[in-house]
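Asker: Got run_37.cif for you, mmCIF, C-alpha atoms:
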```cif
data_start
loop_
_atom_site.label_atom_id
_atom_site.label_comp_id
_atom_site.auth_asym_id
_atom_site.auth_seq_id
_atom_site.Cartn_x
_atom_site.Cartn_y
_atom_site.Cartn_z
CA MET A 1128 8.07 9.11 -5.13
CA SER A 1129 8.10 6.75 -8.06
CA GLU A 1130 4.70 6.08 -9.59
CA ASP A 1131 5.80 3.26 -11.87
CA GLN A 1132 3.47 0.38 -11.06
CA ASN A 1133 6.01 -2.09 -12.36
CA ALA A 1134 8.90 -0.87 -10.22
CA LYS A 1135 9.54 -3.47 -7.54
CA THR A 1136 11.79 -3.19 -4.53
CA PRO A 1137 12.45 -6.51 -2.77
CA VAL A 1138 12.76 -6.22 0.98
CA ARG A 1139 14.69 -9.19 2.35
CA PRO A 1140 14.69 -10.35 5.96
CA GLY A 1141 17.71 -9.00 7.77
CA ASP A 1142 18.28 -6.07 5.40
CA LEU A 1143 17.50 -3.66 8.25
CA ALA A 1144 19.33 -3.57 11.56
CA ARG A 1145 17.52 -4.65 14.72
CA ARG A 1146 17.21 -2.03 17.42
CA ASP A 1147 14.96 -1.08 20.25
CA PHE A 1148 12.37 1.65 19.87
CA VAL A 1149 14.08 4.27 22.01
CA ALA A 1150 13.55 7.30 19.80
CA LEU A 1151 10.71 8.66 17.77
CA SER A 1152 11.93 8.22 14.23
CA VAL A 1153 11.09 6.59 10.95
CA ALA A 1154 13.97 4.23 11.60
CA ALA A 1155 11.98 2.73 14.46
CA GLY A 1156 9.23 1.77 12.06
CA LEU A 1157 11.72 0.31 9.63
CA THR A 1158 13.11 -1.90 12.37
CA ALA A 1159 9.63 -3.25 13.15
CA GLY A 1160 9.16 -4.26 9.54
CA ALA A 1161 12.54 -5.93 9.38
CA GLU A 1162 12.01 -7.88 12.60
CA SER A 1163 8.65 -9.17 11.43
CA ALA A 1164 10.02 -10.12 8.03
CA ALA A 1165 12.87 -12.01 9.66
CA ALA A 1166 10.47 -13.82 11.97
CA ALA A 1167 8.11 -14.82 9.17
CA GLY A 1168 10.90 -15.66 6.72
CA LEU A 1169 9.03 -14.02 3.84
CA GLU A 1170 10.45 -11.71 1.21
CA VAL A 1171 8.12 -8.85 0.39
CA VAL A 1172 7.82 -6.57 -2.61
CA GLU A 1173 6.86 -2.89 -2.50
CA LYS A 1174 5.30 -1.12 -5.50
CA ASP A 1175 4.22 2.47 -5.99
CA VAL A 1176 0.93 2.41 -7.87
CA GLU A 1177 -1.72 4.77 -9.21
CA ILE A 1178 -5.40 3.94 -8.85
CA LYS A 1179 -8.14 5.47 -10.97
CA MET A 1180 -10.76 6.78 -8.57
CA PRO A 1181 -14.20 8.37 -9.02
CA ASP A 1182 -12.67 11.75 -8.08
CA GLY A 1183 -9.19 11.51 -9.63
CA THR A 1184 -6.05 9.42 -9.43
CA CYS A 1185 -4.76 8.13 -6.10
CA ASP A 1186 -1.08 7.49 -5.45
CA ALA A 1187 -0.62 4.47 -3.22
CA ALA A 1188 1.74 1.74 -2.05
CA PHE A 1189 0.99 -1.92 -2.73
CA ILE A 1190 3.11 -4.29 -0.65
CA HIS A 1191 2.87 -8.07 -0.73
CA PRO A 1192 4.84 -11.30 -0.34
CA LYS A 1193 7.03 -12.01 -3.33
CA SER A 1194 5.18 -15.21 -4.23
CA GLY A 1195 1.67 -16.55 -3.92
CA SER A 1196 -1.72 -14.93 -3.39
CA HIS A 1197 -2.81 -13.76 0.02
CA PRO A 1198 -5.71 -12.05 1.83
CA GLY A 1199 -5.92 -8.38 0.94
CA VAL A 1200 -5.71 -5.57 3.49
CA LEU A 1201 -6.54 -1.87 3.15
CA ILE A 1202 -4.75 0.49 5.56
CA TRP A 1203 -6.37 3.86 6.20
CA PRO A 1204 -3.57 6.20 7.41
CA ASP A 1205 -3.82 8.90 10.04
CA ALA A 1206 -3.83 12.65 9.36
CA PHE A 1207 -0.29 12.52 7.96
CA GLY A 1208 -1.23 10.06 5.25
CA LEU A 1209 0.90 7.73 3.19
CA ARG A 1210 4.52 7.91 4.37
CA PRO A 1211 7.36 5.59 5.46
CA SER A 1212 5.85 4.68 8.83
CA MET A 1213 2.63 3.50 7.15
CA ARG A 1214 4.59 1.64 4.48
CA ASP A 1215 6.51 -0.11 7.24
CA MET A 1216 3.30 -1.32 8.81
CA ALA A 1217 2.30 -2.69 5.43
CA LYS A 1218 5.68 -4.42 5.06
CA ARG A 1219 5.25 -6.00 8.45
CA LEU A 1220 1.81 -7.29 7.50
CA ALA A 1221 3.07 -8.52 4.14
CA ALA A 1222 5.81 -10.47 5.90
CA ASP A 1223 3.03 -12.22 7.81
CA GLY A 1224 1.27 -13.22 4.60
CA TYR A 1225 -1.00 -10.36 3.52
CA SER A 1226 -1.18 -8.25 0.37
CA VAL A 1227 -1.56 -4.68 1.56
CA LEU A 1228 -2.70 -1.41 -0.02
CA VAL A 1229 -1.87 1.93 1.63
CA PRO A 1230 -3.47 4.79 -0.32
CA ASN A 1231 -2.86 8.51 -0.09
CA PRO A 1232 -6.29 9.45 1.28
CA PHE A 1233 -5.69 13.09 0.32
CA TYR A 1234 -5.38 12.41 -3.42
CA ARG A 1235 -8.18 14.86 -4.21
CA VAL A 1236 -5.98 17.68 -2.90
CA THR A 1237 -2.34 16.61 -3.27
CA LYS A 1238 0.12 13.80 -3.71
CA ALA A 1239 1.21 12.22 -0.41
CA PRO A 1240 2.24 15.37 1.50
CA PHE A 1241 4.34 14.04 4.41
CA THR A 1242 7.41 11.86 4.81
CA ASP A 1243 7.69 12.12 8.60
CA ALA A 1244 5.36 13.33 11.34
CA SER A 1245 7.88 13.42 14.19
CA ASN A 1246 8.56 17.16 13.99
CA PHE A 1247 4.95 18.25 13.64
CA ASP A 1248 3.76 20.65 16.33
CA PHE A 1249 0.01 20.34 16.98
CA SER A 1250 0.06 23.49 19.09
CA LYS A 1251 0.82 25.75 16.12
CA PRO A 1252 -2.32 27.05 14.39
CA GLU A 1253 -0.51 27.30 11.07
CA ASN A 1254 0.30 23.60 11.21
CA MET A 1255 -3.27 22.63 11.97
CA ALA A 1256 -4.42 24.88 9.14
CA LYS A 1257 -2.38 22.72 6.78
CA ILE A 1258 -3.76 19.35 7.80
CA ARG A 1259 -7.42 20.20 8.36
CA PRO A 1260 -8.23 20.59 4.63
CA LEU A 1261 -6.45 17.30 3.97
CA MET A 1262 -8.48 15.50 6.59
CA THR A 1263 -11.69 17.06 5.32
CA SER A 1264 -10.96 15.88 1.78
CA ALA A 1265 -10.81 12.27 2.97
CA SER A 1266 -13.59 12.40 5.55
CA ALA A 1267 -16.17 14.51 3.72
CA PRO A 1268 -19.60 12.85 3.56
CA GLY A 1269 -19.75 10.21 0.85
CA ASN A 1270 -16.04 10.18 0.01
CA ALA A 1271 -15.14 7.02 1.92
CA GLU A 1272 -18.17 5.31 0.39
CA LYS A 1273 -16.73 6.09 -3.06
CA ASP A 1274 -13.09 5.42 -2.21
CA ALA A 1275 -13.39 2.14 -0.32
CA PRO A 1276 -14.99 0.17 -3.19
CA ALA A 1277 -12.35 1.50 -5.60
CA TYR A 1278 -9.48 0.49 -3.31
CA ILE A 1279 -10.97 -2.95 -2.79
CA ALA A 1280 -11.55 -3.35 -6.53
CA PHE A 1281 -7.87 -2.57 -7.04
CA LEU A 1282 -6.88 -5.23 -4.52
CA ASP A 1283 -9.17 -7.77 -6.15
CA ALA A 1284 -7.59 -7.09 -9.53
CA GLN A 1285 -4.13 -8.06 -8.30
CA LYS A 1286 -2.86 -11.62 -8.75
CA GLU A 1287 -1.17 -11.36 -5.35
CA VAL A 1288 -4.60 -11.10 -3.66
CA ASN A 1289 -6.51 -14.27 -2.87
CA LYS A 1290 -10.07 -13.34 -3.78
CA SER A 1291 -11.49 -16.40 -2.04
CA LYS A 1292 -10.53 -14.73 1.24
CA LYS A 1293 -12.24 -11.71 2.77
CA ILE A 1294 -10.59 -8.28 2.84
CA GLY A 1295 -9.28 -6.78 6.09
CA THR A 1296 -9.01 -3.08 6.84
CA GLN A 1297 -7.31 -1.11 9.61
CA GLY A 1298 -7.14 2.59 10.37
CA TYR A 1299 -5.35 5.01 12.66
CA CYS A 1300 -6.74 8.26 14.13
CA MET A 1301 -8.87 9.73 11.31
CA GLY A 1302 -8.59 6.34 9.60
CA GLY A 1303 -10.65 4.70 12.36
CA PRO A 1304 -14.04 5.99 11.24
CA LEU A 1305 -13.03 5.37 7.62
CA VAL A 1306 -12.59 1.70 8.54
CA VAL A 1307 -16.15 1.63 9.86
CA ARG A 1308 -17.43 3.31 6.70
CA THR A 1309 -15.49 0.84 4.57
CA CYS A 1310 -16.97 -2.14 6.38
CA ALA A 1311 -20.46 -0.70 5.91
CA ALA A 1312 -19.92 0.27 2.26
CA VAL A 1313 -18.61 -3.13 1.13
CA PRO A 1314 -20.11 -5.50 3.72
CA ASP A 1315 -20.01 -8.67 1.64
CA ARG A 1316 -16.30 -8.28 0.86
CA VAL A 1317 -14.80 -7.01 4.12
CA GLY A 1318 -14.38 -9.61 6.85
CA ALA A 1319 -12.44 -7.71 9.52
CA GLY A 1320 -12.00 -4.08 10.53
CA ALA A 1321 -9.74 -2.55 13.18
CA SER A 1322 -9.61 1.02 14.48
CA PHE A 1323 -6.70 2.21 16.59
CA HIS A 1324 -7.07 5.53 18.43
CA GLY A 1325 -9.84 6.38 15.98
CA GLY A 1326 -11.29 9.87 16.21
CA GLY A 1327 -14.98 10.67 15.80
CA LEU A 1328 -16.24 7.09 16.00
CA VAL A 1329 -19.20 8.25 18.09
CA THR A 1330 -20.79 11.64 17.52
CA ASP A 1331 -24.20 13.19 18.17
CA GLN A 1332 -24.92 13.45 14.45
CA PRO A 1333 -27.11 11.07 12.42
CA THR A 1334 -24.01 10.35 10.29
CA SER A 1335 -22.00 9.02 13.25
CA PRO A 1336 -19.93 5.98 12.24
CA HIS A 1337 -21.18 3.83 15.13
CA LEU A 1338 -24.69 4.03 13.70
CA LEU A 1339 -23.49 2.04 10.68
CA ALA A 1340 -23.16 -1.12 12.77
CA PRO A 1341 -26.33 -2.75 11.33
CA LYS A 1342 -24.79 -2.60 7.83
CA ILE A 1343 -21.56 -4.34 8.86
CA LYS A 1344 -20.81 -8.06 8.56
CA ALA A 1345 -17.12 -7.90 9.53
CA ARG A 1346 -15.49 -8.75 12.83
CA MET A 1347 -14.45 -5.49 14.49
CA TYR A 1348 -11.83 -4.29 16.95
CA PHE A 1349 -11.57 -0.83 18.51
CA GLY A 1350 -8.49 0.20 20.49
CA ILE A 1351 -9.27 3.33 22.52
CA ALA A 1352 -6.61 5.79 23.74
CA SER A 1353 -6.75 7.02 27.32
CA ASN A 1354 -7.03 10.71 26.45
CA ASP A 1355 -9.71 10.03 23.84
CA ASP A 1356 -11.65 8.18 26.53
CA GLU A 1357 -11.24 11.10 28.90
CA ARG A 1358 -12.72 13.47 26.35
CA ARG A 1359 -15.65 11.18 25.49
CA PRO A 1360 -16.01 8.53 28.21
CA ASP A 1361 -19.38 7.34 26.90
CA ALA A 1362 -18.09 6.61 23.39
CA LYS A 1363 -16.80 3.11 24.17
CA ASP A 1364 -20.11 2.18 25.76
CA LYS A 1365 -22.09 3.45 22.79
CA LEU A 1366 -19.82 1.50 20.45
CA ARG A 1367 -20.41 -1.68 22.47
CA GLU A 1368 -24.16 -1.12 22.51
CA ALA A 1369 -24.39 -0.37 18.79
CA PHE A 1370 -22.49 -3.45 17.69
CA ALA A 1371 -24.14 -5.71 20.25
CA GLU A 1372 -27.60 -4.60 19.09
CA ALA A 1373 -26.54 -5.25 15.48
CA HIS A 1374 -25.19 -8.71 16.45
CA VAL A 1375 -21.80 -7.79 14.98
CA PRO A 1376 -18.80 -9.33 16.80
CA ALA A 1377 -16.78 -6.40 18.14
CA GLU A 1378 -14.15 -5.95 20.82
CA ILE A 1379 -13.79 -2.48 22.31
CA GLU A 1380 -10.65 -2.17 24.42
CA LEU A 1381 -9.33 0.78 26.42
CA TYR A 1382 -5.55 1.27 26.55
CA PRO A 1383 -5.26 3.16 29.86
CA ASP A 1384 -1.56 4.02 29.48
CA ALA A 1385 -1.67 4.99 25.79
CA LEU A 1386 -2.20 8.37 24.17
CA HIS A 1387 -3.95 9.17 20.92
CA GLY A 1388 -1.53 8.08 18.20
CA TRP A 1389 0.28 5.45 20.28
CA CYS A 1390 0.54 2.86 17.48
CA VAL A 1391 2.46 4.99 14.99
CA PRO A 1392 6.28 5.15 15.41
CA ASP A 1393 6.84 8.60 13.91
CA MET A 1394 4.33 10.46 16.10
CA PRO A 1395 5.77 13.67 17.62
CA MET A 1396 6.46 14.28 21.28
CA GLN A 1397 3.64 15.55 23.49
CA ASN A 1398 4.42 17.56 26.61
CA GLY A 1399 7.99 16.30 26.42
CA LYS A 1400 6.95 12.64 26.28
CA PRO A 1401 6.65 10.26 23.33
CA ILE A 1402 3.19 9.49 22.00
CA TYR A 1403 4.38 6.23 20.46
CA ASN A 1404 4.18 3.47 23.05
CA LYS A 1405 6.00 0.32 22.00
CA PRO A 1406 4.50 -2.16 24.50
CA ASP A 1407 0.95 -1.05 23.77
CA ALA A 1408 1.65 -0.80 20.04
CA GLU A 1409 2.83 -4.41 20.07
CA ARG A 1410 -0.22 -5.43 22.05
CA ALA A 1411 -2.42 -3.69 19.50
CA TRP A 1412 -0.54 -5.43 16.67
CA SER A 1413 -1.16 -8.83 18.23
CA LYS A 1414 -4.85 -7.97 18.47
CA LEU A 1415 -4.83 -7.02 14.79
CA LEU A 1416 -3.23 -10.29 13.72
CA ALA A 1417 -5.71 -12.27 15.83
CA LEU A 1418 -8.59 -10.36 14.25
CA TYR A 1419 -7.31 -11.05 10.74
CA LYS A 1420 -6.70 -14.70 11.52
CA ALA A 1421 -10.31 -15.03 12.63
CA GLY A 1422 -11.88 -12.82 9.98
CA ILE A 1423 -9.95 -13.12 6.73
CA ALA A 1424 -7.07 -15.61 6.86
#
```
Show the structure stored in the file as structure tokens.

Answerer:
Amino acid sequence: MSEDQNAKTPVRPGDLARRDFVALSVAAGLTAGAESAAAAGLEVVEKDVEIKMPDGTCDAAFIHPKSGSHPGVLIWPDAFGLRPSMRDMAKRLAADGYSVLVPNPFYRVTKAPFTDASNFDFSKPENMAKIRPLMTSASAPGNAEKDAPAYIAFLDAQKEVNKSKKIGTQGYCMGGPLVVRTCAAVPDRVGAGASFHGGGLVTDQPTSPHLLAPKIKARMYFGIASNDDERRPDAKDKLREAFAEAHVPAEIELYPDALHGWCVPDMPMQNGKPIYNKPDAERAWSKLLALYKAGIA
């Protein structure tokens, strides 16, 4: 991975072939980015950057339209971190008129460790032993509260970010609770937050993310996977109650046909079936764009 902040790679509409999402592969994510870019008619630029953080230096991708300044967005990745599928989401957003930062949330431990999640086997203990320390490094108490302001400060320092607009943030799996913590840590700057198949949004601990609702001023959206709901059926109700009591606008939506991880194209197979679910992923994407239109655009 190049870490030259000045290295720019234009991505032009039509550079990537159109195809249906019929296989779990990084190519599927690339197609999504190309289709969105073609639809929006915007050329986007991708840069590899390094951000000075309280606990080290974070490698990240900054992706934005080639010209103009636009609302900033922070993407919190899932347990596999910064990789092509997350960059492709950022390209798709950039083609719709946003300047997007995707950090490596594991920077305290390693440079971005994965390029593809499609061959990962969750059933193997040795595999889980590799990703648990990574997840812990990002989710440890207080880390998101240090990281989020630094990421947002980076966005605000870029000429491609319109600082008169609020910041949006979205997260996947472990990134879901980090979105909530971001919204609570920088409430006057963040105008919209979206969690998709977020894990650990509601716990029995006093540090549970849902208890941060009174500190949040952003519009919120929570997309809940069917199997997450099966494991914790009361979580969605507690989310609704917490945000309603805090008078924070929040939509909590169950996706009854979607599994944990359904939004991310390079998710591995589960029980012989794909986790990625194109129809529900597109539905979730439309919800995201509506949220950003209302909260930050």

Asker: Find the residues around region 1204-1208 of chain A up to 9 Å (all atoms listed in the file counted), leave out those fewer than 4 positions away in its own chain, and share them as a ChimeraX atom specification.

Answerer: /A:1213,1229-1233,1239-1244,1258-1259,1261-1262,1297-1303,1325,1388,1391

Asker: Expressed in Å to a single decimal, how great is the separation between CA of Pro1392 (chain A) and CA of Glu1177 (chain A)?

Answerer: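 Going from CA of Pro1392 (chain A) over to CA of Glu1177 (chain A), I get 25.9 Å.
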
Asker: Check the smallest atom-to-atom distance from each of A:Pro1268, A:Pro1376, A:Gly1422, A:Gly1224 to Ser1196 (chain A) using all atoms listed in the file, then report the winner.

Answerer: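 Using all atoms listed in the file, the shortest distance to Ser1196 (chain A) belongs to A:Gly1224.
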
Asker: So which one's closest to Ala1222 (chain A), A:Asn1246, A:Ala1373, A:Lys1286, A:Leu1169? Using all atoms listed in the file, please.

Answerer: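 For Ala1222 (chain A), the nearest of the given residues is A:Leu1169.
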
Asker: Of the residues A:Val1313, A:Ala1385, A:Ala1280, A:Ala1421, which is the one nearest to Arg1346 (chain A), using only C-alpha atoms?

Answerer: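 Counting only C-alpha atoms, the residue closest to Arg1346 (chain A) is A:Ala1421.
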
Asker: Between CA of Lys1218 (chain A) and CA of Glu1378 (chain A), what distance in Å does the model show, to one decimal?

Answerer: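 Computing it gives 25.4 Å between the two atoms.
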
Asker: Could you pull the residues within 9 Å of Glu1372 (chain A), counting all atoms listed in the file, minus those fewer than 5 positions along the same chain, as a PyMOL selection string?

Answerer: chain A and resi 1340-1341+1367

Asker: Name all residues at most 9 Å from Asp1407 (chain A) (count all atoms listed in the file; drop same-chain ones fewer than 4 positions away) and give them as a PyMOL selection string.

Answerer: chain A and resi 1382+1384-1385+1389-1390+1403+1411-1412

Asker: Identify the residues around (-13.0, 3.8, -2.9) within a radius of 10 Å, measuring from all atoms listed in the file in the coordinates stated by the file, and give them as a list in words.

Answerer: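 Residues close enough to count: Ile1178, Lys1179, Met1180, Pro1181, Asp1182, Cys1185, Pro1230, Pro1232, Asn1270, Ala1271, Glu1272, Lys1273, Asp1274, Ala1275, Pro1276, Ala1277, Tyr1278, Ile1279, Ala1280, Phe1281, Thr1309, Ala1312 and Val1313 of chain A.
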
Asker: Keeping C-alpha atoms, export the residues of the selection given above as a PDB file, in the frame of the given file.

Answerer:
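Contents of selection37.pdb, freshly written:
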```
ATOM      1  CA  ILE A1178      -5.400   3.940  -8.850  1.00  0.00           C
ATOM      2  CA  LYS A1179      -8.140   5.470 -10.970  1.00  0.00           C
ATOM      3  CA  MET A1180     -10.760   6.780  -8.570  1.00  0.00           C
ATOM      4  CA  PRO A1181     -14.200   8.370  -9.020  1.00  0.00           C
ATOM      5  CA  ASP A1182     -12.670  11.750  -8.080  1.00  0.00           C
ATOM      6  CA  CYS A1185      -4.760   8.130  -6.100  1.00  0.00           C
ATOM      7  CA  PRO A1230      -3.470   4.790  -0.320  1.00  0.00           C
ATOM      8  CA  PRO A1232      -6.290   9.450   1.280  1.00  0.00           C
ATOM      9  CA  ASN A1270     -16.040  10.180   0.010  1.00  0.00           C
ATOM     10  CA  ALA A1271     -15.140   7.020   1.920  1.00  0.00           C
ATOM     11  CA  GLU A1272     -18.170   5.310   0.390  1.00  0.00           C
ATOM     12  CA  LYS A1273     -16.730   6.090  -3.060  1.00  0.00           C
ATOM     13  CA  ASP A1274     -13.090   5.420  -2.210  1.00  0.00           C
ATOM     14  CA  ALA A1275     -13.390   2.140  -0.320  1.00  0.00           C
ATOM     15  CA  PRO A1276     -14.990   0.170  -3.190  1.00  0.00           C
ATOM     16  CA  ALA A1277     -12.350   1.500  -5.600  1.00  0.00           C
ATOM     17  CA  TYR A1278      -9.480   0.490  -3.310  1.00  0.00           C
ATOM     18  CA  ILE A1279     -10.970  -2.950  -2.790  1.00  0.00           C
ATOM     19  CA  ALA A1280     -11.550  -3.350  -6.530  1.00  0.00           C
ATOM     20  CA  PHE A1281      -7.870  -2.570  -7.040  1.00  0.00           C
ATOM     21  CA  THR A1309     -15.490   0.840   4.570  1.00  0.00           C
ATOM     22  CA  ALA A1312     -19.920   0.270   2.260  1.00  0.00           C
ATOM     23  CA  VAL A1313     -18.610  -3.130   1.130  1.00  0.00           C
TER      24      VAL A1313
END
```

Asker: Care to translate the PyMOL selection byres ((chain A and resi 1334) around 12) into actual residues of this file, as an MDAnalysis selection string?

Answerer: chainID A and resid 1266:1269 1304 1307:1308 1327:1333 1335:1340

Asker: Identify, on the basis of only C-alpha atoms, every residue whose closest approach to Ser1226 (chain A) does not exceed 9 Å; exclude the query and any residue fewer than 6 positions from it along the same chain; express the result as an MDAnalysis selection string.

Answerer: chainID A and resid 1189:1192 1196:1201 1217 1220 1282 1287:1289

Asker: List the neighbours of Ala1319 (chain A) out to 9 Å using all atoms listed in the file; skip same-chain residues closer than 3 positions along the sequence, and give me the result as a list in words.

Answerer: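 Surrounding residues, per the criterion: Lys1293, Ile1294, Gly1295, Thr1296, Gln1297, Cys1310, Lys1344, Ala1345, Arg1346, Met1347, Tyr1348, Leu1418, Tyr1419, Ala1421, Gly1422 and Ile1423 of chain A.
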
Asker: Please output region 1336-1356 of chain A, rebuilt to include N, CA, C and O atoms, as an mmCIF file, keeping the file's coordinate frame.

Answerer:
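Listing of part.cif after writing:
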```cif
data_model
loop_
_atom_site.group_PDB
_atom_site.id
_atom_site.type_symbol
_atom_site.label_atom_id
_atom_site.label_comp_id
_atom_site.auth_asym_id
_atom_site.auth_seq_id
_atom_site.Cartn_x
_atom_site.Cartn_y
_atom_site.Cartn_z
ATOM 1 N N PRO A 1336 -20.342 7.313 12.702
ATOM 2 C CA PRO A 1336 -19.930 5.980 12.240
ATOM 3 C C PRO A 1336 -20.535 4.826 13.029
ATOM 4 O O PRO A 1336 -20.874 3.786 12.456
ATOM 5 N N HIS A 1337 -20.686 4.974 14.342
ATOM 6 C CA HIS A 1337 -21.180 3.830 15.130
ATOM 7 C C HIS A 1337 -22.589 3.419 14.740
ATOM 8 O O HIS A 1337 -22.990 2.268 14.946
ATOM 9 N N LEU A 1338 -23.331 4.341 14.123
ATOM 10 C CA LEU A 1338 -24.690 4.030 13.700
ATOM 11 C C LEU A 1338 -24.729 3.145 12.458
ATOM 12 O O LEU A 1338 -25.802 2.654 12.079
ATOM 13 N N LEU A 1339 -23.575 2.915 11.853
ATOM 14 C CA LEU A 1339 -23.490 2.040 10.680
ATOM 15 C C LEU A 1339 -23.397 0.566 11.050
ATOM 16 O O LEU A 1339 -23.387 -0.298 10.165
ATOM 17 N N ALA A 1340 -23.344 0.264 12.324
ATOM 18 C CA ALA A 1340 -23.160 -1.120 12.770
ATOM 19 C C ALA A 1340 -24.126 -2.106 12.107
ATOM 20 O O ALA A 1340 -23.715 -3.212 11.716
ATOM 21 N N PRO A 1341 -25.419 -1.778 11.936
ATOM 22 C CA PRO A 1341 -26.330 -2.750 11.330
ATOM 23 C C PRO A 1341 -25.981 -3.128 9.885
ATOM 24 O O PRO A 1341 -26.446 -4.160 9.389
ATOM 25 N N LYS A 1342 -25.170 -2.312 9.213
ATOM 26 C CA LYS A 1342 -24.790 -2.600 7.830
ATOM 27 C C LYS A 1342 -23.529 -3.457 7.721
ATOM 28 O O LYS A 1342 -23.148 -3.863 6.629
ATOM 29 N N ILE A 1343 -22.882 -3.710 8.857
ATOM 30 C CA ILE A 1343 -21.560 -4.340 8.860
ATOM 31 C C ILE A 1343 -21.673 -5.846 9.118
ATOM 32 O O ILE A 1343 -22.464 -6.291 9.958
ATOM 33 N N LYS A 1344 -20.873 -6.614 8.371
ATOM 34 C CA LYS A 1344 -20.810 -8.060 8.560
ATOM 35 C C LYS A 1344 -19.429 -8.510 9.040
ATOM 36 O O LYS A 1344 -19.210 -9.690 9.273
ATOM 37 N N ALA A 1345 -18.502 -7.582 9.157
ATOM 38 C CA ALA A 1345 -17.120 -7.900 9.530
ATOM 39 C C ALA A 1345 -16.963 -8.037 11.034
ATOM 40 O O ALA A 1345 -17.734 -7.473 11.819
ATOM 41 N N ARG A 1346 -15.932 -8.782 11.444
ATOM 42 C CA ARG A 1346 -15.490 -8.750 12.830
ATOM 43 C C ARG A 1346 -14.787 -7.410 13.069
ATOM 44 O O ARG A 1346 -14.027 -6.952 12.211
ATOM 45 N N MET A 1347 -14.983 -6.821 14.239
ATOM 46 C CA MET A 1347 -14.450 -5.490 14.490
ATOM 47 C C MET A 1347 -13.612 -5.464 15.769
ATOM 48 O O MET A 1347 -13.843 -6.220 16.716
ATOM 49 N N TYR A 1348 -12.622 -4.553 15.757
ATOM 50 C CA TYR A 1348 -11.830 -4.290 16.950
ATOM 51 C C TYR A 1348 -11.605 -2.789 17.058
ATOM 52 O O TYR A 1348 -11.266 -2.125 16.062
ATOM 53 N N PHE A 1349 -11.791 -2.254 18.266
ATOM 54 C CA PHE A 1349 -11.570 -0.830 18.510
ATOM 55 C C PHE A 1349 -10.623 -0.674 19.694
ATOM 56 O O PHE A 1349 -10.952 -1.074 20.820
ATOM 57 N N GLY A 1350 -9.434 -0.117 19.442
ATOM 58 C CA GLY A 1350 -8.490 0.200 20.490
ATOM 59 C C GLY A 1350 -8.610 1.675 20.843
ATOM 60 O O GLY A 1350 -8.412 2.536 19.981
ATOM 61 N N ILE A 1351 -8.949 1.972 22.091
ATOM 62 C CA ILE A 1351 -9.270 3.330 22.520
ATOM 63 C C ILE A 1351 -8.132 3.907 23.343
ATOM 64 O O ILE A 1351 -7.674 3.284 24.310
ATOM 65 N N ALA A 1352 -7.668 5.109 22.988
ATOM 66 C CA ALA A 1352 -6.610 5.790 23.740
ATOM 67 C C ALA A 1352 -7.168 6.400 25.018
ATOM 68 O O ALA A 1352 -8.338 6.791 25.081
ATOM 69 N N SER A 1353 -6.304 6.511 26.021
ATOM 70 C CA SER A 1353 -6.750 7.020 27.320
ATOM 71 C C SER A 1353 -7.276 8.450 27.235
ATOM 72 O O SER A 1353 -8.328 8.772 27.814
ATOM 73 N N ASN A 1354 -6.566 9.323 26.505
ATOM 74 C CA ASN A 1354 -7.030 10.710 26.450
ATOM 75 C C ASN A 1354 -8.262 10.884 25.579
ATOM 76 O O ASN A 1354 -9.066 11.791 25.801
ATOM 77 N N ASP A 1355 -8.451 10.003 24.592
ATOM 78 C CA ASP A 1355 -9.710 10.030 23.840
ATOM 79 C C ASP A 1355 -10.866 9.625 24.758
ATOM 80 O O ASP A 1355 -11.963 10.204 24.694
ATOM 81 N N ASP A 1356 -10.619 8.632 25.599
ATOM 82 C CA ASP A 1356 -11.650 8.180 26.530
ATOM 83 C C ASP A 1356 -11.989 9.257 27.544
ATOM 84 O O ASP A 1356 -13.152 9.415 27.937
#
```
